[in-house]
Structures are given as C-alpha cells and as structure tokens.
Amino acid sequence: MMDMLTEWVGQIILFILFASIVDMLLPQNSFRTYAKVVISLLLISILLSPLLKLFQIDAEALIQKNAVQ
C-alpha cells in the first residue's frame, strides 16, 4: 500500500516538473492555451489513477454480459 502511494506521489511530482518545463518552452500564443488544457487533463488522469485501479472493471466482459441478457 505504501509503495503504491509513494509511486503515485512520485508520478505527480515528475509530471508537474515536466509540465512546468513544457510551459516555459512554449511561446506566448494560442497554442499555449491548448497545451495547458492537455497538460491539465493528463494531470487529472494521473490524480485519478488510484481510483481507476481500485474500481478496475473489465469493460469487454461487462458488454458481453449485457449482450447475453
């Protein structure tokens, strides 16, 4: 449990460092806005990854189960 938590926090820290470097390298134009949106969505997915692992559902099996009914 503790290993998973430290790995998750490490991923967040590395991503924030990467995102800040990318933010500094981008020019001041409309492309920067789109890049920030993508970076924000990636950060949200990293933040939610423990919940997704906790509630991991096999979507294919669920679809087949519903198709049979």
# chains A, B, ... in the order shown; residues from 1 in each chain; ligands from 1
$ residues_around --residues "stretch 18-28 of chain A" --least-positions-apart "6" --cutoff "10 Å" --atoms "only C-alpha atoms" --output "JSON, numbers by chain"
{"A": [12, 35, 36, 39, 40, 42, 43]}
$ atom_distance --atom1 "atom CA of A:Glu60" --atom2 "atom CA of A:Val38"
27.5 Å
$ closest_residue --among "A:Asn29, A:Phe55, A:Gln64, A:Phe15" --to "A:Leu41" --atoms "only C-alpha atoms"
A:Phe15
$ closest_residue --among "A:Ile63, A:Leu54, A:Ile16, A:Val68" --to "A:Met4" --atoms "only C-alpha atoms"
A:Leu54
$ atom_distance --atom1 "atom CA of A:Tyr34" --atom2 "atom CA of A:Leu17"
18.5 Å
